[in-house]
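A.B. asks: Pasting query32.txt below, which is compact mmCIF, C-alpha atoms.
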# COMPACT_ATOMS: atom_id res chain seq x y z
CA MET V 237 28.86 -1.44 -11.66
CA ARG V 238 29.02 1.87 -9.84
CA VAL V 239 27.11 4.67 -11.52
CA HIS V 240 28.60 8.10 -12.11
CA GLU V 241 28.14 10.26 -9.05
CA HIS V 242 28.43 13.90 -8.18
CA GLU V 243 31.86 14.86 -6.89
CA SER V 244 30.54 15.61 -3.39
CA VAL V 245 29.19 12.05 -3.16
CA ASN V 246 32.41 10.48 -4.34
CA ASN V 247 34.39 12.51 -1.83
CA PHE V 248 32.05 11.60 0.98
CA LEU V 249 32.06 7.91 0.12
CA ALA V 250 35.84 7.94 0.07
CA ASP V 251 36.08 9.82 3.36
CA ARG V 252 32.92 9.91 5.46
CA SER V 253 33.77 13.10 7.28
CA HIS V 254 31.37 15.81 8.43
CA GLU V 255 32.97 18.27 6.04
CA ASN V 256 32.38 16.07 3.06
CA PHE V 257 28.84 15.30 4.13
CA ALA V 258 28.10 19.02 4.48
CA LEU V 259 28.71 19.27 0.73
CA VAL V 260 26.38 16.36 0.10
CA VAL V 261 23.69 18.10 2.15
CA GLU V 262 24.31 21.27 0.18
CA GLU V 263 23.97 19.40 -3.11
CA TYR V 264 20.86 17.37 -2.32
CA PHE V 265 18.98 19.48 0.21
CA ASP V 266 16.46 20.89 -2.26
CA LEU V 267 15.82 17.48 -3.77
CA VAL V 268 15.12 15.81 -0.43
CA ASN V 269 13.11 18.76 0.80
CA LYS V 270 10.84 18.61 -2.23
CA VAL V 271 10.47 14.84 -2.11
CA VAL V 272 9.44 14.94 1.53
CA PHE V 273 7.25 18.02 1.34
CA ARG V 274 5.28 16.62 -1.59
CA LEU V 275 4.45 13.61 0.52
CA VAL V 276 3.62 15.19 3.86
CA LEU V 277 2.45 18.57 2.50
CA ASN V 278 3.44 20.35 5.65
CA HIS V 279 6.59 22.40 6.08
CA GLU V 280 7.17 21.64 9.74
CA ASP V 281 6.91 17.88 9.31
CA ALA V 282 8.96 18.06 6.13
CA GLU V 283 11.78 19.86 7.93
CA ASP V 284 11.98 17.15 10.60
CA LEU V 285 11.90 14.43 7.98
CA VAL V 286 14.59 16.11 5.89
CA GLN V 287 16.86 16.11 8.93
CA ILE V 288 16.11 12.47 9.68
CA THR V 289 16.72 11.53 6.05
CA PHE V 290 20.16 13.10 5.93
CA ILE V 291 21.16 11.78 9.35
CA THR V 292 20.08 8.28 8.26
CA ALA V 293 22.05 8.61 5.03
CA TYR V 294 25.13 9.67 6.97
CA GLN V 295 24.83 6.89 9.52
CA LYS V 296 23.97 4.21 6.96
CA ALA V 297 26.36 5.35 4.25
CA HIS V 298 28.34 2.13 4.62
CA GLN V 299 25.27 0.29 3.33
CA PHE V 300 25.21 2.25 0.09
CA LYS V 301 26.43 -0.22 -2.53
CA GLY V 302 26.46 2.09 -5.51
CA SER V 303 24.20 -0.06 -7.66
CA ALA V 304 21.77 2.84 -7.89
CA LYS V 305 22.51 6.55 -7.89
CA PHE V 306 23.15 8.14 -4.50
CA ALA V 307 20.27 10.56 -5.14
CA THR V 308 17.94 7.61 -5.76
CA TRP V 309 19.08 5.95 -2.55
CA LEU V 310 18.58 9.20 -0.66
CA CYS V 311 15.10 9.66 -2.11
CA ARG V 312 14.19 6.15 -1.08
CA ILE V 313 15.25 6.85 2.50
CA ALA V 314 13.19 10.05 2.39
CA HIS V 315 10.18 8.19 1.06
CA ASN V 316 10.47 5.47 3.69
CA HIS V 317 10.64 7.99 6.53
CA ALA V 318 7.76 9.99 5.09
CA TYR V 319 5.61 6.89 4.69
CA SER V 320 6.36 5.76 8.24
CA PHE V 321 5.46 9.20 9.48
CA LEU V 322 2.21 9.26 7.55
CA ARG V 323 1.31 5.79 8.75
CA LYS V 324 1.82 6.88 12.33
CA LYS V 325 -0.31 9.89 11.67
CA GLN V 326 -2.93 7.71 10.07
CA MET V 327 -2.88 5.45 13.10
CA LYS V 328 -3.41 8.37 15.41
CA PHE V 329 -6.10 10.20 13.58
CA ALA V 330 -7.70 8.97 10.43
CA PRO V 331 -7.14 7.40 7.04
CA ILE V 332 -4.14 8.96 5.34
CA HIS V 333 -6.15 10.90 2.81
CA GLU V 334 -7.99 12.62 5.64
CA VAL V 335 -4.84 13.75 7.39
CA ALA V 336 -4.46 17.48 7.24
CA GLU V 337 -2.10 19.64 9.18
CA PRO V 338 -3.56 22.17 11.56
CA HIS V 339 -4.04 25.47 9.81
CA SER V 340 -2.44 27.38 12.65
CA SER V 341 0.90 25.72 11.92
CA LYS V 342 0.61 26.83 8.31
CA LEU V 343 0.11 30.41 9.30
CA ASP V 344 2.81 30.44 11.93
CA HIS V 345 5.37 28.91 9.66
CA PRO V 346 7.76 31.20 7.79
CA ASP V 347 7.02 29.37 4.56
CA SER V 348 3.30 29.60 5.02
CA ASP V 349 0.64 29.83 2.32
CA LEU V 350 0.21 33.55 2.76
CA HIS V 351 2.20 34.44 -0.32
CA ARG V 352 0.61 31.81 -2.50
CA ASN V 353 -2.33 32.21 -4.78
CA ASP V 354 -5.57 30.41 -4.36
CA MET V 355 -4.95 28.17 -7.34
CA GLN V 356 -1.74 26.80 -5.83
CA ILE V 357 -3.45 26.15 -2.52
CA GLN V 358 -6.35 24.40 -4.24
CA ILE V 359 -3.96 22.16 -6.15
CA GLU V 360 -2.17 21.33 -2.94
CA GLU V 361 -5.46 20.49 -1.25
CA ALA V 362 -6.41 18.30 -4.18
CA LEU V 363 -3.05 16.54 -3.95
CA ARG V 364 -3.60 16.08 -0.24
CA SER V 365 -6.68 14.04 -1.02
CA LEU V 366 -4.55 11.43 -2.79
CA PRO V 367 -3.01 8.56 -0.86
CA PRO V 368 0.72 9.30 -0.39
CA GLU V 369 1.86 6.50 -2.68
CA LEU V 370 -0.22 7.85 -5.54
CA ARG V 371 0.87 11.39 -4.80
CA ALA V 372 4.52 10.36 -4.71
CA THR V 373 4.24 8.54 -8.02
CA LEU V 374 2.49 11.45 -9.68
CA VAL V 375 4.99 14.09 -8.65
CA LEU V 376 7.98 11.89 -9.29
CA VAL V 377 6.95 10.94 -12.79
CA THR V 378 4.93 13.96 -13.89
CA ILE V 379 6.81 16.84 -12.33
CA ASP V 380 10.35 15.52 -12.08
CA GLU V 381 10.04 13.41 -15.19
CA THR V 382 12.06 10.77 -13.37
CA PRO V 383 12.87 7.82 -15.66
CA MET V 384 10.64 4.84 -14.94
CA ASP V 385 13.52 2.60 -13.86
CA GLU V 386 14.64 5.14 -11.30
CA ALA V 387 11.10 5.83 -10.08
CA VAL V 388 10.58 2.11 -9.58
CA GLU V 389 13.76 2.01 -7.52
CA ILE V 390 12.74 4.98 -5.35
CA LEU V 391 9.18 3.83 -4.81
CA ASN V 392 10.19 0.21 -4.36
CA CYS V 393 7.51 -1.20 -6.63
CA ASN V 394 7.38 -2.85 -10.01
CA LYS V 395 6.69 -1.09 -13.30
CA ALA V 396 3.14 -2.35 -13.60
CA THR V 397 2.37 -0.97 -10.15
CA LEU V 398 3.95 2.33 -11.10
CA TYR V 399 1.82 2.65 -14.24
CA TRP V 400 -1.28 1.69 -12.33
CA ARG V 401 -0.56 4.24 -9.61
CA LEU V 402 0.08 6.92 -12.17
CA HIS V 403 -3.16 6.19 -13.96
CA LYS V 404 -5.14 6.12 -10.72
CA ALA V 405 -3.47 9.26 -9.37
CA ARG V 406 -4.22 11.26 -12.49
CA LYS V 407 -7.79 10.08 -12.52
CA LEU V 408 -8.38 10.93 -8.87
CA LEU V 409 -6.63 14.27 -9.14
CA LYS V 410 -8.66 15.27 -12.18
CA GLU V 411 -11.84 14.41 -10.34
CA GLU V 412 -10.70 16.39 -7.32
CA LEU V 413 -9.76 19.41 -9.44
CA LYS V 414 -13.06 19.19 -11.23
CA LYS V 415 -14.85 19.42 -7.90
CA ARG V 416 -12.93 22.62 -7.31
CA ASN V 417 -13.68 23.93 -10.80
CA LEU V 418 -10.02 23.82 -11.67
CA HIS V 419 -10.10 21.31 -14.46
CA MET K 271 -7.82 25.19 -19.30
CA LYS K 272 -4.35 24.27 -18.25
CA ASP K 273 -3.05 20.81 -18.70
CA LEU K 274 -2.74 18.75 -15.53
CA ASN K 275 1.02 18.35 -15.89
CA GLN K 276 1.45 22.09 -16.29
CA LYS K 277 -0.64 22.80 -13.20
CA LEU K 278 1.41 20.38 -11.15
CA LYS K 279 4.65 21.84 -12.36
CA GLU K 280 3.51 25.32 -11.43
CA TRP K 281 2.46 24.12 -8.01
CA ASP K 282 5.79 22.43 -7.53
CA ALA K 283 7.74 25.48 -8.60
CA ASP K 284 5.90 27.39 -5.92
CA ILE K 285 7.11 25.13 -3.12
CA ALA K 286 9.85 27.04 -1.46
CA THR K 287 11.64 27.01 1.79
CA SER K 288 13.19 30.32 2.66
CA ALA K 289 16.97 30.57 2.54
CA SER K 290 17.21 31.26 6.27
CA ARG K 291 15.11 28.18 7.10
CA LYS K 292 17.28 26.09 4.83
CA GLU K 293 20.39 27.19 6.66
CA ASP K 294 18.76 26.42 10.01
CA ILE K 295 17.86 22.91 8.90
CA LYS K 296 21.27 22.26 7.41
CA ASN K 297 22.89 23.35 10.65
CA LYS K 298 20.63 21.06 12.65
CA ILE K 299 21.54 18.16 10.37
CA MET K 300 25.25 18.75 10.84
CA GLU K 301 24.87 19.14 14.61
CA ASN K 302 23.02 15.85 14.92
CA LEU K 303 25.01 13.66 12.56
CA ASP K 304 26.63 11.62 15.29
CA LYS K 305 23.67 11.47 17.62
CA GLN K 306 22.02 8.14 18.02
CA VAL K 307 18.66 8.78 16.54
CA ASN K 308 15.71 6.79 17.69
CA TYR K 309 13.76 7.12 14.49
CA MET K 310 10.65 5.49 15.82
CA GLU K 311 10.59 7.88 18.73
CA ILE K 312 10.93 10.85 16.48
CA LEU K 313 8.30 9.65 14.15
CA SER K 314 5.83 8.93 16.89
CA SER K 315 6.86 11.40 19.54
CA ASP K 316 3.32 12.33 20.34
CA PRO K 317 2.37 10.91 23.77
CA TYR K 318 -1.07 10.26 22.33
CA PHE K 319 0.46 7.40 20.39
CA HIS K 320 1.86 5.69 23.50
CA ILE K 321 -1.31 6.11 25.50
CA HIS K 322 -3.37 4.66 22.74
CA LYS K 323 -1.11 1.81 21.89
CA LYS K 324 -2.78 -0.43 24.45
CA VAL K 325 -6.18 0.70 23.39
CA ILE K 326 -5.28 -0.13 19.82
CA TYR K 327 -4.12 -3.59 20.79
CA PHE K 328 -7.35 -4.24 22.67
CA ALA K 329 -9.33 -2.81 19.81
CA GLY K 330 -7.33 -5.09 17.54
CA ILE K 331 -8.29 -8.14 19.50
CA ALA K 332 -11.89 -7.01 19.60
CA ALA K 333 -11.90 -6.33 15.89
CA CYS K 334 -10.38 -9.72 15.14
CA LEU K 335 -13.06 -11.38 17.21
CA CYS K 336 -15.72 -9.37 15.42
CA PHE K 337 -14.08 -10.23 12.15
CA ALA K 338 -14.04 -13.88 13.06
CA PHE K 339 -17.65 -13.72 14.15
CA LEU K 340 -18.85 -11.86 11.10
CA LEU K 341 -16.84 -13.94 8.71
CA GLY K 342 -17.97 -16.97 10.55
CA THR K 343 -21.63 -16.09 10.42
CA ARG K 344 -21.31 -14.98 6.83
CA PHE K 345 -19.21 -17.69 5.42
CA ASN K 346 -20.54 -20.41 7.60
CA LYS K 347 -23.91 -19.78 6.11
CA ASN K 348 -24.53 -22.39 3.45
CA GLU K 349 -20.96 -23.50 3.78
CA THR K 350 -21.52 -26.67 5.67
CA ALA K 351 -21.51 -29.90 3.84
CA ALA K 352 -25.15 -29.58 2.91
CA PRO K 353 -26.28 -31.14 -0.33
CA VAL K 354 -26.79 -28.65 -3.13
CA PRO K 355 -29.30 -29.37 -5.88
CA LEU K 356 -27.70 -29.55 -9.31
CA SER K 357 -28.44 -26.47 -11.33
CA LYS K 358 -26.37 -23.67 -12.79
CA ASN K 359 -28.22 -21.04 -10.80
CA ASN K 360 -27.41 -22.74 -7.57
CA PHE K 361 -23.73 -22.69 -8.38
CA ALA K 362 -23.94 -18.93 -8.79
CA HIS K 363 -25.80 -18.65 -5.53
CA ILE K 364 -23.10 -20.58 -3.73
CA THR K 365 -20.09 -18.87 -5.18
CA THR K 366 -21.05 -15.20 -5.20
CA LEU K 367 -21.57 -12.70 -2.40
CA SER K 368 -24.22 -10.00 -2.23
CA ASN K 369 -23.38 -6.27 -2.21
CA SER K 370 -24.18 -5.94 1.46
CA GLU K 371 -21.97 -8.90 2.31
CA ILE K 372 -19.13 -7.37 0.34
CA ALA K 373 -19.65 -3.98 2.00
CA LYS K 374 -19.54 -5.62 5.42
CA LEU K 375 -16.41 -7.51 4.57
CA LYS K 376 -14.79 -4.38 3.17
CA ARG K 377 -15.45 -2.53 6.42
CA ILE K 378 -13.93 -5.31 8.49
CA VAL K 379 -10.86 -5.59 6.31
CA SER K 380 -10.36 -1.85 6.46
CA GLU K 381 -10.53 -2.05 10.28
CA ILE K 382 -7.87 -4.72 10.29
CA ASP K 383 -5.71 -2.59 8.00
CA TYR K 384 -6.13 0.32 10.36
CA LEU K 385 -5.10 -1.81 13.32
CA PHE K 386 -1.99 -3.11 11.63
CA PRO K 387 -0.44 -0.02 10.05
CA GLU K 388 2.73 -1.91 9.17
CA GLY K 389 0.58 -3.64 6.60
CA VAL K 390 -1.62 -6.69 6.31
CA LYS K 391 -0.36 -8.99 3.63
CA SER K 392 -3.18 -11.46 3.61
CA ILE K 393 -6.18 -12.67 5.56
CA THR K 394 -7.32 -16.22 5.14
CA GLN K 395 -10.01 -18.45 6.49
CA GLU K 396 -10.63 -22.03 5.56
CA ASN K 397 -13.78 -23.98 6.16
CA CYS K 398 -15.00 -21.51 8.76
CA GLY K 399 -11.99 -22.23 10.92
CA ASP K 400 -9.38 -19.89 12.33
CA ILE K 401 -8.73 -16.63 10.61
CA LYS K 402 -5.09 -16.08 9.82
CA ILE K 403 -3.86 -12.53 9.50
CA ASN K 404 -0.45 -12.26 7.92
CA THR K 405 1.09 -8.97 8.96
CA GLU K 406 4.45 -9.71 7.43
CA LYS K 407 6.13 -6.46 6.52
CA LYS K 408 5.50 -5.74 2.91
CA GLN K 409 8.23 -5.23 0.38
CA SER K 410 6.11 -2.95 -1.66
CA LEU K 411 3.51 -0.35 -0.91
CA ASP K 412 0.75 -1.83 -2.92
CA ASN K 413 -1.68 -1.54 -0.07
CA ILE K 414 -3.11 1.51 -1.78
CA MET K 415 -4.86 -0.80 -4.21
CA GLU K 416 -8.17 -2.12 -3.19
CA LYS K 417 -7.83 -5.53 -1.70
CA VAL K 418 -9.27 -8.54 -3.38
CA LEU K 419 -11.11 -11.50 -1.99
CA ILE K 420 -10.33 -14.74 -3.72
CA ARG K 421 -12.69 -17.57 -2.90
CA TYR K 422 -12.19 -21.22 -3.60
CA ILE K 423 -15.12 -23.54 -3.24
CA VAL K 424 -14.92 -27.25 -3.84
CA LEU K 425 -18.09 -29.17 -4.58
CA LYS K 426 -18.27 -32.93 -4.58
CA ARG K 427 -20.84 -35.29 -6.04
CA SER K 428 -20.50 -38.92 -5.25
CA SER K 429 -21.10 -41.43 -7.95
CA GLY K 430 -24.75 -42.14 -8.51
CA GLU K 431 -25.90 -39.04 -6.59
CA LYS K 432 -27.64 -36.03 -8.09
CA LYS K 433 -26.80 -33.48 -5.45
CA TRP K 434 -23.57 -31.66 -4.99
CA LYS K 435 -22.01 -31.21 -1.58
CA LYS K 436 -19.81 -28.32 -0.56
CA VAL K 437 -16.69 -29.89 0.90
CA TYR K 438 -14.26 -27.01 1.09
CA VAL K 439 -14.31 -23.21 1.19
CA SER K 440 -11.45 -20.79 1.55
CA ASN K 441 -11.59 -17.02 1.60
CA ILE K 442 -8.34 -15.25 0.94
CA VAL K 443 -7.97 -11.49 1.13
CA ALA K 444 -4.86 -10.33 -0.69
CA ASN K 445 -3.22 -7.15 -1.92
CA PRO K 446 -3.02 -6.96 -5.69
CA GLY K 447 0.54 -7.10 -6.92
CA GLU K 448 1.81 -8.86 -3.86
CA PRO K 449 2.53 -12.58 -4.07
CA ILE K 450 1.43 -14.53 -1.04
CA GLN K 451 2.32 -17.92 0.33
CA LEU K 452 -0.47 -19.94 1.86
CA GLU K 453 -0.33 -22.72 4.38
CA GLY K 454 -3.03 -25.05 5.54
CA ASP K 455 -5.51 -27.07 3.55
CA CYS K 456 -5.00 -24.60 0.75
CA SER K 457 -1.26 -24.25 0.39
CA GLY K 458 1.03 -22.79 -2.22
CA SER K 459 1.50 -19.45 -3.89
CA LEU K 460 -0.94 -16.93 -5.20
CA TRP K 461 -0.48 -13.66 -7.06
CA ILE K 462 -3.16 -11.38 -8.38
CA TYR K 463 -2.94 -8.14 -10.29
CA PRO K 464 -5.44 -5.77 -11.93
CA ALA K 465 -5.08 -6.21 -15.67
CA ASP K 466 -7.85 -3.84 -16.61
CA GLN K 467 -10.76 -1.97 -15.05
CA ASN K 468 -12.65 -5.09 -14.05
CA ILE K 469 -10.28 -7.87 -14.93
CA TYR K 470 -7.62 -9.36 -12.74
CA ALA K 471 -4.65 -11.36 -13.89
CA MET K 472 -3.91 -14.23 -11.65
CA GLN K 473 -1.25 -16.81 -11.18
CA SER K 474 -1.61 -19.57 -8.67
CA ASP K 475 0.09 -22.80 -7.81
CA LEU K 476 -2.03 -24.28 -5.07
CA LYS K 477 -2.79 -27.59 -3.51
CA ILE K 478 -6.21 -27.88 -1.91
CA ARG K 479 -7.03 -30.66 0.48
CA ALA K 480 -10.75 -31.21 0.36
CA ASN K 481 -12.56 -34.12 1.89
CA GLY K 482 -9.31 -36.06 2.15
CA GLU K 483 -8.48 -35.56 -1.54
CA PHE K 484 -5.62 -33.42 -2.81
CA ILE K 485 -6.49 -31.18 -5.71
CA SER K 486 -3.65 -29.54 -7.55
CA LEU K 487 -4.52 -26.16 -8.97
CA LYS K 488 -2.27 -24.31 -11.37
CA TYR K 489 -3.84 -21.29 -12.90
CA ILE K 490 -2.55 -18.50 -15.08
CA GLY K 491 -5.07 -16.21 -16.63
CA GLY K 492 -7.50 -13.38 -16.30
CA GLN K 493 -10.85 -13.26 -14.62
CA HIS K 494 -13.58 -10.67 -14.42
CA LEU K 495 -14.46 -9.31 -11.04
CA ARG K 496 -17.43 -10.80 -9.27
CA THR K 497 -17.55 -13.81 -11.47
CA SER K 498 -17.01 -17.42 -10.56
CA ARG K 499 -15.47 -19.95 -12.80
CA VAL K 500 -14.74 -23.60 -12.59
CA VAL K 501 -10.98 -23.90 -12.54
CA LYS K 502 -10.84 -27.61 -12.01
CA ASP K 503 -13.26 -30.34 -12.93
CA ILE K 504 -12.30 -33.81 -11.78
CA LYS K 505 -14.17 -37.00 -12.55
CA ASN K 506 -13.14 -40.07 -10.60
CA PRO K 507 -14.94 -43.39 -10.77
CA ASP K 508 -16.41 -42.80 -7.32
CA ALA K 509 -16.90 -39.01 -7.28
CA GLU K 510 -16.81 -35.75 -9.20
CA TYR K 511 -15.22 -32.54 -7.94
CA LYS K 512 -15.63 -28.97 -9.14
CA VAL K 513 -13.38 -26.16 -7.91
CA PHE K 514 -14.83 -22.68 -8.25
CA GLN K 515 -12.69 -19.56 -8.16
CA SER K 516 -14.25 -16.16 -7.52
CA ILE K 517 -12.65 -12.74 -7.38
CA ILE K 518 -14.28 -9.86 -5.57
CA ARG K 519 -12.81 -6.42 -5.03
CA ILE K 520 -13.32 -5.29 -1.47
Would you mind giving the structure from this file in structure tokens?

C.D. replies:
Amino acid sequence: MRVHEHESVNNFLADRSHENFALVVEEYFDLVNKVVFRLVLNHEDAEDLVQITFITAYQKAHQFKGSAKFATWLCRIAHNHAYSFLRKKQMKFAPIHEVAEPHSSKLDHPDSDLHRNDMQIQIEEALRSLPPELRATLVLVTIDETPMDEAVEILNCNKATLYWRLHKARKLLKEELKKRNLH
Amino acid sequence: MKDLNQKLKEWDADIATSASRKEDIKNKIMENLDKQVNYMEILSSDPYFHIHKKVIYFAGIAACLCFAFLLGTRFNKNETAAPVPLSKNNFAHITTLSNSEIAKLKRIVSEIDYLFPEGVKSITQENCGDIKINTEKKQSLDNIMEKVLIRYIVLKRSSGEKKWKKVYVSNIVANPGEPIQLEGDCSGSLWIYPADQNIYAMQSDLKIRANGEFISLKYIGGQHLRTSRVVKDIKNPDAEYKVFQSIIRI
């Protein structure tokens, strides 16, 4: 059974034109951007991955069966690309939790940390210490309040794994925030 | 003191990409829609990756050899068919590993994980033989959980003898939550999952060939970490067999 979709998605699925996809990008840009940024925690990498996610969705649209929501499918593509990216990064440098973007890129970037307060930066650093899968679970469930069934679909894991990840992520984050006197 | 959820929500609300950047990215997306994208190239476009690929492969081979050697020296120790005096303490001695042995094993497994970033599904070794590394692409991303070593040890005591003999050992490193299929003298399916802080739920349907005998092992239940339990006790007219199962987080 096909789930109810946003009009832009229905139009695009009926006619996979650039014009229709532009409306899909418009509709879901912020969602994908957030999903990816929360995982890679770096604006430059996130921008590349957002592009790749949308291009993949456009090119693989024929594979979308409609059993899950389009947004869920899109998020899953975003997650897969972000995980692949982080794995490559891990392979090049260090364990994932040690991967940190160069600070120069932060400062040079238009969306740099300059306007953010110390608390926000500390929270981001604490989140960075979590493995991406735990981080993804935490933000998806805690911040977005994504229903469990949908989160399971996006993260491609079972419910028990999801609960375990959530529990572990909260525990680790609390410890990390405690170290920074934030909790 | 703010609640954790609240803090995260505030952090998230603060993530922003400027409007002009958004437009730039959207334009790039639309410009590249029909381009054939080599995703792997994009995701690993750093030349460093290509240069080091060979090094990684060589390191992989070296690590596997080290792994084989270390596992071999570790698990070979006391794992020949030497007679074992009958006493409860000796069973514990045979079936458990010391902290330093676990730490060593953990380091080796983490090296193997690092060398196979696509994911290592399981690592098995039977009777000090070849080490099999299953790098089959995982369906889930459960590799974030600490891996678990599941050990099966079969002891045999022939009729009329007092001493037990170790006739089979297998060491299986698996990812919790991920069912694995095993082939070899220990064949079948195995699934393990953390049920609580120090307890793992486990489901197995295995067939172990030990000393020419086939032992069928169906197990569903929980087991505390770093404990060994007898999961099968067979008494034949000519011999007795005990199968020990141990679970160690690594």

A.B. asks: Nearest to chain V: which of K:Asp475, K:Asn506, K:Gln276, K:Ile299 is it, counting only C-alpha atoms?

C.D. replies: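 Nearest candidate to chain V out of K:Asp475, K:Asn506, K:Gln276, K:Ile299: K:Ile299.
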
A.B. asks: Check which residues of chain V sit at most 6 Å from chain K using only C-alpha atoms, and return one row each with the closest pair of atoms and their distance in Å to one decimal, ordered by chain and rising number, as a tab-separated table.

C.D. replies:
residue	atom	partner	partner_atom	distance
V:Gln287	CA	K:Ile299	CA	5.3
V:Ile291	CA	K:Leu303	CA	5.4
V:Phe321	CA	K:Leu313	CA	5.5
V:Asp347	CA	K:Thr287	CA	5.9
V:Gln356	CA	K:Trp281	CA	5.4
V:Ile379	CA	K:Lys279	CA	5.4
V:Asn392	CA	K:Ser410	CA	5.8
V:Cys393	CA	K:Ser410	CA	5.5

A.B. asks: To one decimal place, how far is CA of Trp434 in chain K from CA of Ala509 in chain K in Å?

C.D. replies: 10.2 Å

A.B. asks: To one decimal place, how far is CA of Met355 in chain V from CA of Thr378 in chain V in Å?

C.D. replies: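 Separation of CA of Met355 in chain V and CA of Thr378 in chain V: 18.5 Å.
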
A.B. asks: What is the distance, in Å and to one decimal place, between CA of Leu419 in chain K and CA of Val443 in chain K?

C.D. replies: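 Taking CA of Leu419 in chain K as the start and CA of Val443 in chain K as the end point, the length is 4.4 Å.
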
A.B. asks: Here is a test: counting all atoms listed in the file, which residue of V:Arg252, V:Arg416, V:Lys395, V:Arg371 is nearest to Tyr319 in chain V?

C.D. replies: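 Closest to Tyr319 in chain V, using all atoms listed in the file: V:Arg371.
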
A.B. asks: With all atoms listed in the file as the atoms that count, which of V:Leu398, V:Val276, V:Val271, V:Leu408 lies nearest to Leu310 in chain V?

C.D. replies: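 Once distances to Leu310 in chain V are computed over all atoms listed in the file, the minimum belongs to V:Val271.
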
A.B. asks: Kindly provide, as a short mmCIF file (atom, residue, chain, number, x, y, z; two decimals) with C-alpha atoms, in the coordinates of the input, the polymer residues lying within 10 Å of (12.4, 4.4, -8.9), counting all atoms listed in the file and using the coordinates exactly as they appear in the file.

C.D. replies:
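Result file follows (point-v7.cif):
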data_model
loop_
_atom_site.label_atom_id
_atom_site.label_comp_id
_atom_site.auth_asym_id
_atom_site.auth_seq_id
_atom_site.Cartn_x
_atom_site.Cartn_y
_atom_site.Cartn_z
CA ALA V 304 21.77 2.84 -7.89
CA THR V 308 17.94 7.61 -5.76
CA TRP V 309 19.08 5.95 -2.55
CA CYS V 311 15.10 9.66 -2.11
CA ARG V 312 14.19 6.15 -1.08
CA THR V 373 4.24 8.54 -8.02
CA LEU V 376 7.98 11.89 -9.29
CA VAL V 377 6.95 10.94 -12.79
CA THR V 382 12.06 10.77 -13.37
CA PRO V 383 12.87 7.82 -15.66
CA MET V 384 10.64 4.84 -14.94
CA ASP V 385 13.52 2.60 -13.86
CA GLU V 386 14.64 5.14 -11.30
CA ALA V 387 11.10 5.83 -10.08
CA VAL V 388 10.58 2.11 -9.58
CA GLU V 389 13.76 2.01 -7.52
CA ILE V 390 12.74 4.98 -5.35
CA LEU V 391 9.18 3.83 -4.81
CA ASN V 392 10.19 0.21 -4.36
CA CYS V 393 7.51 -1.20 -6.63
CA ASN V 394 7.38 -2.85 -10.01
CA LYS V 395 6.69 -1.09 -13.30
CA LEU V 398 3.95 2.33 -11.10
#

A.B. asks: Considering only C-alpha atoms, return as a ChimeraX atom specification whatever protein or nucleic-acid residues lie within 12 Å of His298 in chain V, sequence-local ones (same chain, fewer than 4 positions apart) excluded.

C.D. replies: /V:248-252,292-294,302

A.B. asks: Env of Lys502 in chain K: 8 Å cut, atoms = all atoms listed in the file, seq-sep filter 5 positions within chain, self excluded. Answer as a list in words.

C.D. replies: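 The residues satisfying every condition are Leu487, Tyr511, Lys512, Val513 and Phe514 of chain K.
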
A.B. asks: Nearest to Arg421 in chain K among K:Thr394, K:Asn481, K:Ser370, K:Gln473, with distances taken over all atoms listed in the file: which residue is it?

C.D. replies: K:Thr394

A.B. asks: Please return as a list in words every residue within 12 Å of (1.4, -21.0, 1.9), taking into account only C-alpha atoms and the file's own coordinates.

C.D. replies: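 All residues meeting the 12 Å criterion around (1.4, -21.0, 1.9) are Ser392, Ile393, Thr394, Lys402, Asn404, Ile442, Pro449, Ile450, Gln451, Leu452, Glu453, Gly454, Asp455, Cys456, Ser457, Gly458, Ser459, Leu460, Trp461, Ser474, Asp475, Leu476, Lys477 and Ile478 of chain K.
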
A.B. asks: Please identify all polymer residues within 6 Å of Lys417 in chain K, counting only C-alpha atoms, omitting same-chain residues fewer than 6 positions from it, and present them as a ChimeraX atom specification.

C.D. replies: /K:444-445,520
